[in-house]
Each structure stands twice: as C-alpha cells, then as structure tokens.
Amino acid sequence: MLTLRYPLLLASGSPRRKQLMTDAGFSFTIETRPTDELFPDTMPADEVAEYLARQKAEQFLNDAEVPNRIVLCADTVVILDNQIMNKPQDEADARRMLQLLSGQTHRVRTGVAILAPSANGQTELHSFTDETIVQFATLTDDEITYYIRECKPFDKAGSYGAQDFIGLVGIERLEGSFYTVMGLPTHRVYQALKAYIK
C-alpha cells in the first residue's frame with residue numbers, strides 16, 4: 001500500500017473510482033458532500049468536467065482539517081458533437097443516449113481537482129482534465145434493452161460504463177486511457193500525488 005505524508009480523502013461516491021484508487025495502491029477514506037452539478041450555459045463543453053471537479057473540491061476548502069490532508073475530487077462527462085450527455089434521467093433517456101452514441105465516435109473527459117498542503121503550509125487547489133476518444137460499434141435495440149435492464153446505468157455519464165456489457169461488446173477503439181472513461185485517469189492522479197508519497 002502506498003503511504004502518503006497526509007491522509008487522503010476521496011470525495012466521491014463512485015464505486016468505480018473507489019476500486020481504481022484501491023487497485024492503484026492508495027489508502028484513503030471516502031466522504032461526499034452535496035454539490036449542484038450545474039455549470040454556466042455558455043461554458044464550453046471541454047471545460048465542464050474540470051469545473052465540476054473544482055466545485056466539489058471547494059466544498060472542503062473551509063474545513064479545519066484541510067491543511068493536514070489531501071482531498072481528491074473528480075467528474076466525468078461524455079461529449080458527442082460538442083453536446084454534453086449527462087447521467088440519464090430514466091430508462092427512456094438512457095435509451096436515447098445510447099442510440100445517439102451507437103456507431104459514433106465521442107469524447108470522454110474526466111476532470112480532477114486535488115486539495116493538498118503546499119510547502120508554505122497553505123492549501124492549494126490543483127486541477128486538470130484528461131480526455132479519451134471512444135469509437136462505438138453500432139448497437140442493436142436488443143443490446144441496448146439488455147444493457148439497461150441488466151446494468152441500470154442511471155448513475156453514469158452518457159448512460160454507459162466502459163467496464164460493463166456495452167463497453168465490453170461496443171467499444172471498438174480507444175485513444176487515451178481506459179481508466180479516464182471509467183471515471184479517473186489514474187496515471188495522472190498518481191503523478192499528482194507522487195510528491196506526497198513517503
């Protein structure tokens with residue numbers, strides 16, 4: 001297990017992010033805080049994931065413990081033709097999104113925000129975005145129906161998880177990190193936290 005100089009808090013309820021951070025060797029606790037996942041209508045789609053990750057991190061800025069711990073936040077968006085595909089509202093919305101993604105190339109952007117102590121004892125907020133391009137095969141209505149029924153992707157941006165049935169049978173090609181599509185670019189998170197490893 002990797003040991004950091006400060007306790008690490010993963011501010012995410014995502015079981016996928018929890019698994020990725022565990023598999024990457026980090027020890028951490030989990031705490032989530034309600035955050036409105038809203039962004040300005042005029043904001044370019046490419047900026048949204050990092051903006052939302054920073055919004056989540058700012059929920060912890062005034063905590064007394066902040067100067068003595070590291071807080072990791074993330075947000076993932078799926079972008080098709082410069083339009084953001086959020087988490088589906090219901091089964092019909094999930095079906096609509098998957099039909100739009102079928103046979104198309106889309107982008108998945110995961111923004112990461114890290115609150116961490118700096119050399120002068122202050123807290124710094126560092127953020128970045130990682131992008132992966134995903135090519136989907138053409139999905140049949142039966143495949144979409146099966147996926148929604150069995151995997152219930154209602155907590156996932158774009159209505160799918162790369163590690164689920166649709167990802168396993170539908171992703172033809174990736175340009176970038178698979179783990180960014182899952183919700184956390186672990187290679188970049190590791191580099192960001194490397195300086196704090198004992």
# chains A, B, ... in the order shown; residues from 1 in each chain; ligands from 1
>>> residues_around(residues="segment 149-154 of chain A", least_positions_apart="5", cutoff="12 Å", atoms="only C-alpha atoms", output="list in words")
Asn86, Lys87, Pro88, Gln89, Asp90, Glu91, Ala92, Asp93, Ala94, Arg95, Met97, Leu98, Asp142, Glu143, Ile144, Ser159, Tyr160, Gly161, Ala162, Gln163, Asp164, Phe165, Ile166 and Gly167 of chain A
>>> write_last_selection(atoms="C-alpha atoms", output="PDB file, in the first residue's frame")
ATOM      1  CA  ASN A  86     -25.221  13.798 -18.524  1.00  0.00           C
ATOM      2  CA  LYS A  87     -26.494  10.976 -16.343  1.00  0.00           C
ATOM      3  CA  PRO A  88     -29.815   9.709 -17.718  1.00  0.00           C
ATOM      4  CA  GLN A  89     -32.994  10.780 -16.002  1.00  0.00           C
ATOM      5  CA  ASP A  90     -34.790   7.489 -16.666  1.00  0.00           C
ATOM      6  CA  GLU A  91     -34.817   4.411 -18.911  1.00  0.00           C
ATOM      7  CA  ALA A  92     -36.107   6.342 -21.935  1.00  0.00           C
ATOM      8  CA  ASP A  93     -33.341   8.917 -21.558  1.00  0.00           C
ATOM      9  CA  ALA A  94     -30.711   6.182 -21.264  1.00  0.00           C
ATOM     10  CA  ARG A  95     -32.026   4.538 -24.433  1.00  0.00           C
ATOM     11  CA  MET A  97     -28.315   8.481 -25.324  1.00  0.00           C
ATOM     12  CA  LEU A  98     -27.141   5.004 -26.254  1.00  0.00           C
ATOM     13  CA  ASP A 142     -31.910  -5.639 -28.198  1.00  0.00           C
ATOM     14  CA  GLU A 143     -28.368  -4.943 -26.944  1.00  0.00           C
ATOM     15  CA  ILE A 144     -29.425  -1.562 -25.592  1.00  0.00           C
ATOM     16  CA  SER A 159     -25.606   6.101 -19.819  1.00  0.00           C
ATOM     17  CA  TYR A 160     -22.775   3.595 -20.002  1.00  0.00           C
ATOM     18  CA  GLY A 161     -19.793   2.208 -18.147  1.00  0.00           C
ATOM     19  CA  ALA A 162     -16.730   1.129 -20.099  1.00  0.00           C
ATOM     20  CA  GLN A 163     -16.356  -1.884 -17.801  1.00  0.00           C
ATOM     21  CA  ASP A 164     -19.979  -3.001 -18.311  1.00  0.00           C
ATOM     22  CA  PHE A 165     -21.646  -5.030 -21.081  1.00  0.00           C
ATOM     23  CA  ILE A 166     -21.898  -2.107 -23.512  1.00  0.00           C
ATOM     24  CA  GLY A 167     -18.235  -1.299 -23.051  1.00  0.00           C
TER      25      GLY A 167
END
>>> select_by_dssp(residues="segment 72-190 of chain A", states="alpha helix (DSSP H)", output="JSON, numbers by chain")
{"A": [91, 92, 93, 94, 95, 96, 97, 98, 99, 100, 101, 141, 142, 143, 144, 145, 146, 147, 148, 149, 150, 151, 165, 166, 167, 168, 169, 170, 178, 179, 180, 181, 182, 186, 187, 188, 189, 190]}
>>> write_last_selection(atoms="N, CA, C and O atoms", output="compact mmCIF listing (two decimals), in the first residue's frame")
# COMPACT_ATOMS: atom_id res chain seq x y z
N GLU A 91 -35.14 5.43 -17.91
CA GLU A 91 -34.82 4.41 -18.91
C GLU A 91 -34.92 4.97 -20.33
O GLU A 91 -34.07 4.68 -21.19
N ALA A 92 -35.94 5.78 -20.59
CA ALA A 92 -36.11 6.34 -21.93
C ALA A 92 -34.94 7.26 -22.30
O ALA A 92 -34.46 7.26 -23.44
N ASP A 93 -34.47 8.01 -21.32
CA ASP A 93 -33.34 8.92 -21.56
C ASP A 93 -32.06 8.12 -21.81
O ASP A 93 -31.25 8.47 -22.68
N ALA A 94 -31.88 7.04 -21.05
CA ALA A 94 -30.71 6.18 -21.26
C ALA A 94 -30.73 5.57 -22.67
O ALA A 94 -29.71 5.53 -23.36
N ARG A 95 -31.89 5.12 -23.10
CA ARG A 95 -32.03 4.54 -24.43
C ARG A 95 -31.71 5.58 -25.52
O ARG A 95 -31.00 5.30 -26.47
N ARG A 96 -32.20 6.79 -25.32
CA ARG A 96 -31.95 7.87 -26.27
C ARG A 96 -30.45 8.13 -26.42
O ARG A 96 -29.93 8.24 -27.53
N MET A 97 -29.75 8.21 -25.29
CA MET A 97 -28.31 8.48 -25.32
C MET A 97 -27.54 7.36 -26.01
O MET A 97 -26.67 7.62 -26.86
N LEU A 98 -27.86 6.14 -25.66
CA LEU A 98 -27.14 5.00 -26.25
C LEU A 98 -27.41 4.90 -27.75
O LEU A 98 -26.53 4.53 -28.53
N GLN A 99 -28.61 5.24 -28.17
CA GLN A 99 -28.91 5.24 -29.61
C GLN A 99 -28.11 6.32 -30.33
O GLN A 99 -27.66 6.12 -31.46
N LEU A 100 -27.92 7.45 -29.67
CA LEU A 100 -27.11 8.52 -30.27
C LEU A 100 -25.64 8.14 -30.34
O LEU A 100 -24.95 8.45 -31.31
N LEU A 101 -25.14 7.45 -29.31
CA LEU A 101 -23.73 7.04 -29.27
C LEU A 101 -23.43 5.89 -30.22
O LEU A 101 -22.29 5.72 -30.67
N ASP A 141 -31.08 -2.58 -30.94
CA ASP A 141 -32.07 -2.24 -29.91
C ASP A 141 -32.10 -3.29 -28.81
O ASP A 141 -32.27 -2.97 -27.63
N ASP A 142 -31.92 -4.56 -29.19
CA ASP A 142 -31.91 -5.64 -28.20
C ASP A 142 -30.73 -5.50 -27.25
O ASP A 142 -30.86 -5.75 -26.04
N GLU A 143 -29.55 -5.12 -27.79
CA GLU A 143 -28.37 -4.94 -26.94
C GLU A 143 -28.57 -3.79 -25.97
O GLU A 143 -28.22 -3.90 -24.78
N ILE A 144 -29.17 -2.71 -26.45
CA ILE A 144 -29.42 -1.56 -25.59
C ILE A 144 -30.44 -1.92 -24.50
O ILE A 144 -30.24 -1.60 -23.32
N THR A 145 -31.50 -2.63 -24.89
CA THR A 145 -32.52 -3.05 -23.92
C THR A 145 -31.92 -3.95 -22.86
O THR A 145 -32.17 -3.78 -21.65
N TYR A 146 -31.13 -4.93 -23.29
CA TYR A 146 -30.49 -5.86 -22.35
C TYR A 146 -29.59 -5.09 -21.38
O TYR A 146 -29.63 -5.33 -20.16
N TYR A 147 -28.80 -4.17 -21.91
CA TYR A 147 -27.86 -3.42 -21.08
C TYR A 147 -28.59 -2.59 -20.03
O TYR A 147 -28.23 -2.61 -18.84
N ILE A 148 -29.61 -1.87 -20.45
CA ILE A 148 -30.35 -1.02 -19.49
C ILE A 148 -31.01 -1.88 -18.42
O ILE A 148 -30.98 -1.55 -17.23
N ARG A 149 -31.57 -3.02 -18.83
CA ARG A 149 -32.26 -3.89 -17.88
C ARG A 149 -31.28 -4.53 -16.88
O ARG A 149 -31.56 -4.58 -15.68
N GLU A 150 -30.15 -4.98 -17.38
CA GLU A 150 -29.23 -5.72 -16.52
C GLU A 150 -28.27 -4.82 -15.74
O GLU A 150 -27.91 -5.14 -14.61
N CYS A 151 -27.83 -3.72 -16.33
CA CYS A 151 -26.79 -2.90 -15.70
C CYS A 151 -27.29 -1.61 -15.08
O CYS A 151 -26.58 -0.98 -14.30
N PHE A 165 -21.33 -4.31 -19.84
CA PHE A 165 -21.65 -5.03 -21.08
C PHE A 165 -21.46 -4.17 -22.34
O PHE A 165 -20.81 -4.60 -23.29
N ILE A 166 -22.00 -2.95 -22.32
CA ILE A 166 -21.90 -2.11 -23.51
C ILE A 166 -20.45 -1.80 -23.84
O ILE A 166 -20.03 -1.80 -25.00
N GLY A 167 -19.66 -1.54 -22.82
CA GLY A 167 -18.23 -1.30 -23.05
C GLY A 167 -17.53 -2.53 -23.59
O GLY A 167 -16.71 -2.45 -24.51
N LEU A 168 -17.87 -3.67 -23.03
CA LEU A 168 -17.21 -4.92 -23.42
C LEU A 168 -17.52 -5.31 -24.87
O LEU A 168 -16.64 -5.80 -25.59
N VAL A 169 -18.74 -5.08 -25.30
CA VAL A 169 -19.12 -5.51 -26.65
C VAL A 169 -19.18 -4.35 -27.64
O VAL A 169 -19.19 -4.57 -28.86
N GLY A 170 -19.23 -3.11 -27.12
CA GLY A 170 -19.47 -1.98 -28.01
C GLY A 170 -18.29 -1.09 -28.30
O GLY A 170 -18.26 -0.40 -29.33
N PHE A 178 -8.16 4.05 -20.79
CA PHE A 178 -9.40 3.35 -20.47
C PHE A 178 -9.95 3.82 -19.13
O PHE A 178 -11.17 3.95 -18.93
N TYR A 179 -9.03 4.11 -18.19
CA TYR A 179 -9.45 4.47 -16.84
C TYR A 179 -10.06 5.87 -16.78
O TYR A 179 -10.89 6.15 -15.91
N THR A 180 -9.71 6.72 -17.72
CA THR A 180 -10.36 8.02 -17.82
C THR A 180 -11.84 7.83 -18.15
O THR A 180 -12.71 8.53 -17.62
N VAL A 181 -12.13 6.85 -19.01
CA VAL A 181 -13.52 6.54 -19.37
C VAL A 181 -14.25 5.96 -18.16
O VAL A 181 -15.43 6.24 -17.93
N MET A 182 -13.55 5.19 -17.36
CA MET A 182 -14.15 4.63 -16.15
C MET A 182 -14.44 5.69 -15.09
O MET A 182 -15.27 5.50 -14.22
N THR A 186 -6.05 7.42 -13.64
CA THR A 186 -5.17 7.03 -12.53
C THR A 186 -3.71 7.35 -12.80
O THR A 186 -2.95 7.63 -11.86
N HIS A 187 -3.28 7.32 -14.06
CA HIS A 187 -1.88 7.63 -14.37
C HIS A 187 -1.55 9.07 -14.00
O HIS A 187 -0.47 9.35 -13.45
N ARG A 188 -2.48 9.98 -14.22
CA ARG A 188 -2.24 11.39 -13.90
C ARG A 188 -2.48 11.68 -12.42
O ARG A 188 -1.80 12.52 -11.82
N VAL A 189 -3.42 10.97 -11.81
CA VAL A 189 -3.63 11.12 -10.37
C VAL A 189 -2.38 10.66 -9.62
O VAL A 189 -1.91 11.33 -8.68
N TYR A 190 -1.80 9.55 -10.05
CA TYR A 190 -0.58 9.05 -9.40
C TYR A 190 0.54 10.08 -9.49
O TYR A 190 1.24 10.35 -8.50
>>> closest_residue(among="A:Val112, A:Leu193, A:Met85, A:Leu8", to="Ala49 of chain A", atoms="only C-alpha atoms")
A:Val112
>>> residues_around(residues="Gln135 of chain A", least_positions_apart="2", cutoff="8 Å", atoms="only C-alpha atoms", output="JSON, numbers by chain")
{"A": [103, 104, 105, 106, 133, 137, 171, 172, 173, 174]}
>>> atom_distance(atom1="atom CA of Ile84 of chain A", atom2="atom CA of Leu61 of chain A")
27.7 Å
>>> residues_around(residues="segment 128-132 of chain A", least_positions_apart="3", cutoff="7 Å", atoms="only C-alpha atoms", output="VMD selection string")
chain A and resid 50 107 to 113 174 to 177 180 to 181 185
>>> write_last_selection(atoms="C-alpha atoms", output="compact mmCIF listing (two decimals), in the first residue's frame")
# COMPACT_ATOMS: atom_id res chain seq x y z
CA GLU A 50 -12.78 20.20 -14.52
CA ARG A 107 -15.14 12.02 -26.22
CA VAL A 108 -14.95 11.29 -22.50
CA ARG A 109 -13.36 13.96 -20.34
CA THR A 110 -12.63 13.45 -16.65
CA GLY A 111 -11.73 16.48 -14.58
CA VAL A 112 -9.74 16.04 -11.38
CA ALA A 113 -9.31 18.54 -8.54
CA LEU A 174 -9.90 3.97 -27.66
CA GLU A 175 -7.46 6.84 -27.98
CA GLY A 176 -6.34 7.63 -24.45
CA SER A 177 -6.72 5.96 -21.07
CA THR A 180 -10.36 8.02 -17.82
CA VAL A 181 -13.52 6.54 -19.37
CA PRO A 185 -7.23 8.99 -15.04
>>> atom_distance(atom1="atom CA of Met1 of chain A", atom2="atom CA of Cys73 of chain A")
20.5 Å
>>> atom_distance(atom1="atom CA of Met21 of chain A", atom2="atom CA of Lys56 of chain A")
17.9 Å
>>> closest_residue(among="A:Leu9, A:Ala195, A:Leu184, A:Leu2", to="Thr76 of chain A", atoms="only C-alpha atoms")
A:Leu184
>>> closest_residue(among="A:Lys194, A:Pro117, A:Gly25, A:Ile79", to="Gly158 of chain A", atoms="only C-alpha atoms")
A:Ile79
>>> select_by_dssp(residues="segment 3-121 of chain A", states="strand (DSSP E or B)", output="PyMOL selection string")
chain A and resi 4+8-10+26+29-30+70-80+83-85+105-117
>>> residues_around(residues="Leu52 of chain A", least_positions_apart="3", cutoff="8 Å", atoms="only C-alpha atoms", output="CSV table (one decimal) with all heavy atoms, in the first residue's frame")
chain,number,residue,atom,x,y,z
A,37,GLU,N,-24.4,19.9,-9.6
A,37,GLU,CA,-23.6,19.6,-10.7
A,37,GLU,C,-24.2,20.5,-11.9
A,37,GLU,O,-24.6,20.0,-12.9
A,37,GLU,CB,-23.6,18.1,-11.1
A,37,GLU,CG,-23.0,17.3,-10.0
A,37,GLU,CD,-22.7,15.9,-10.5
A,37,GLU,OE1,-23.0,15.5,-11.6
A,37,GLU,OE2,-22.3,15.1,-9.6
A,38,LEU,N,-24.1,21.8,-11.6
A,38,LEU,CA,-24.6,22.8,-12.6
A,38,LEU,C,-23.4,23.6,-13.1
A,38,LEU,O,-22.4,23.8,-12.4
A,38,LEU,CB,-25.6,23.7,-12.0
A,38,LEU,CG,-26.8,23.1,-11.3
A,38,LEU,CD1,-27.7,24.1,-10.6
A,38,LEU,CD2,-27.7,22.4,-12.4
A,39,PHE,N,-23.5,24.1,-14.3
A,39,PHE,CA,-22.4,24.9,-14.9
A,39,PHE,C,-23.1,25.9,-15.9
A,39,PHE,O,-24.2,25.7,-16.3
A,39,PHE,CB,-21.5,24.0,-15.7
A,39,PHE,CG,-22.1,23.0,-16.7
A,39,PHE,CD1,-22.4,23.5,-18.0
A,39,PHE,CD2,-22.5,21.8,-16.4
A,39,PHE,CE1,-23.0,22.6,-19.0
A,39,PHE,CE2,-23.2,20.9,-17.3
A,39,PHE,CZ,-23.4,21.4,-18.6
A,48,VAL,N,-16.2,21.7,-18.7
A,48,VAL,CA,-17.2,21.4,-17.7
A,48,VAL,C,-16.7,20.4,-16.7
A,48,VAL,O,-16.9,20.6,-15.5
A,48,VAL,CB,-18.5,20.9,-18.4
A,48,VAL,CG1,-19.4,20.3,-17.4
A,48,VAL,CG2,-19.2,22.0,-19.2
A,49,ALA,N,-16.0,19.3,-17.1
A,49,ALA,CA,-15.6,18.3,-16.2
A,49,ALA,C,-14.7,18.8,-15.1
A,49,ALA,O,-14.9,18.6,-13.9
A,49,ALA,CB,-14.9,17.1,-16.9
A,55,GLN,N,-15.6,22.5,-8.3
A,55,GLN,CA,-16.8,22.8,-7.4
A,55,GLN,C,-16.9,21.9,-6.3
A,55,GLN,O,-17.2,22.3,-5.1
A,55,GLN,CB,-18.1,22.8,-8.3
A,55,GLN,CG,-18.2,23.9,-9.3
A,55,GLN,CD,-18.4,25.3,-8.7
A,55,GLN,OE1,-17.5,26.1,-8.6
A,55,GLN,NE2,-19.6,25.5,-8.3
A,56,LYS,N,-16.7,20.6,-6.5
A,56,LYS,CA,-16.7,19.6,-5.5
A,56,LYS,C,-15.6,19.8,-4.5
A,56,LYS,O,-15.9,19.7,-3.2
A,56,LYS,CB,-16.6,18.2,-6.1
A,56,LYS,CG,-17.8,17.8,-7.0
A,56,LYS,CD,-17.6,16.4,-7.6
A,56,LYS,CE,-18.7,16.0,-8.5
A,56,LYS,NZ,-18.5,14.7,-9.2
A,74,ALA,N,-13.4,14.3,-8.5
A,74,ALA,CA,-13.4,14.1,-10.0
A,74,ALA,C,-14.8,14.2,-10.5
A,74,ALA,O,-15.8,14.0,-9.8
A,74,ALA,CB,-12.8,12.7,-10.3
A,75,ASP,N,-14.9,14.5,-11.8
A,75,ASP,CA,-16.2,14.5,-12.5
A,75,ASP,C,-15.9,14.1,-14.0
A,75,ASP,O,-14.9,14.5,-14.6
A,75,ASP,CB,-16.8,15.9,-12.5
A,75,ASP,CG,-18.3,15.8,-12.8
A,75,ASP,OD1,-18.6,15.9,-14.0
A,75,ASP,OD2,-19.1,15.6,-11.9
A,111,GLY,N,-12.4,15.4,-15.3
A,111,GLY,CA,-11.7,16.5,-14.6
A,111,GLY,C,-11.4,16.0,-13.2
A,111,GLY,O,-12.2,15.3,-12.5
>>> residues_around(residues="Ile197 of chain A", least_positions_apart="5", cutoff="7 Å", atoms="only C-alpha atoms", output="NGL selection string")
:A and (2-5)
>>> write_last_selection(atoms="C-alpha atoms", output="PDB file, in the first residue's frame")
ATOM      1  CA  LEU A   2       1.316   3.453  -0.906  1.00  0.00           C
ATOM      2  CA  THR A   3       1.738   5.695   2.133  1.00  0.00           C
ATOM      3  CA  LEU A   4       1.237   9.434   1.784  1.00  0.00           C
ATOM      4  CA  ARG A   5       2.507  12.116   4.172  1.00  0.00           C
TER       5      ARG A   5
END
>>> closest_residue(among="A:Thr123, A:Ser118, A:Ser12, A:Ser102", to="Asn62 of chain A", atoms="only C-alpha atoms")
A:Thr123
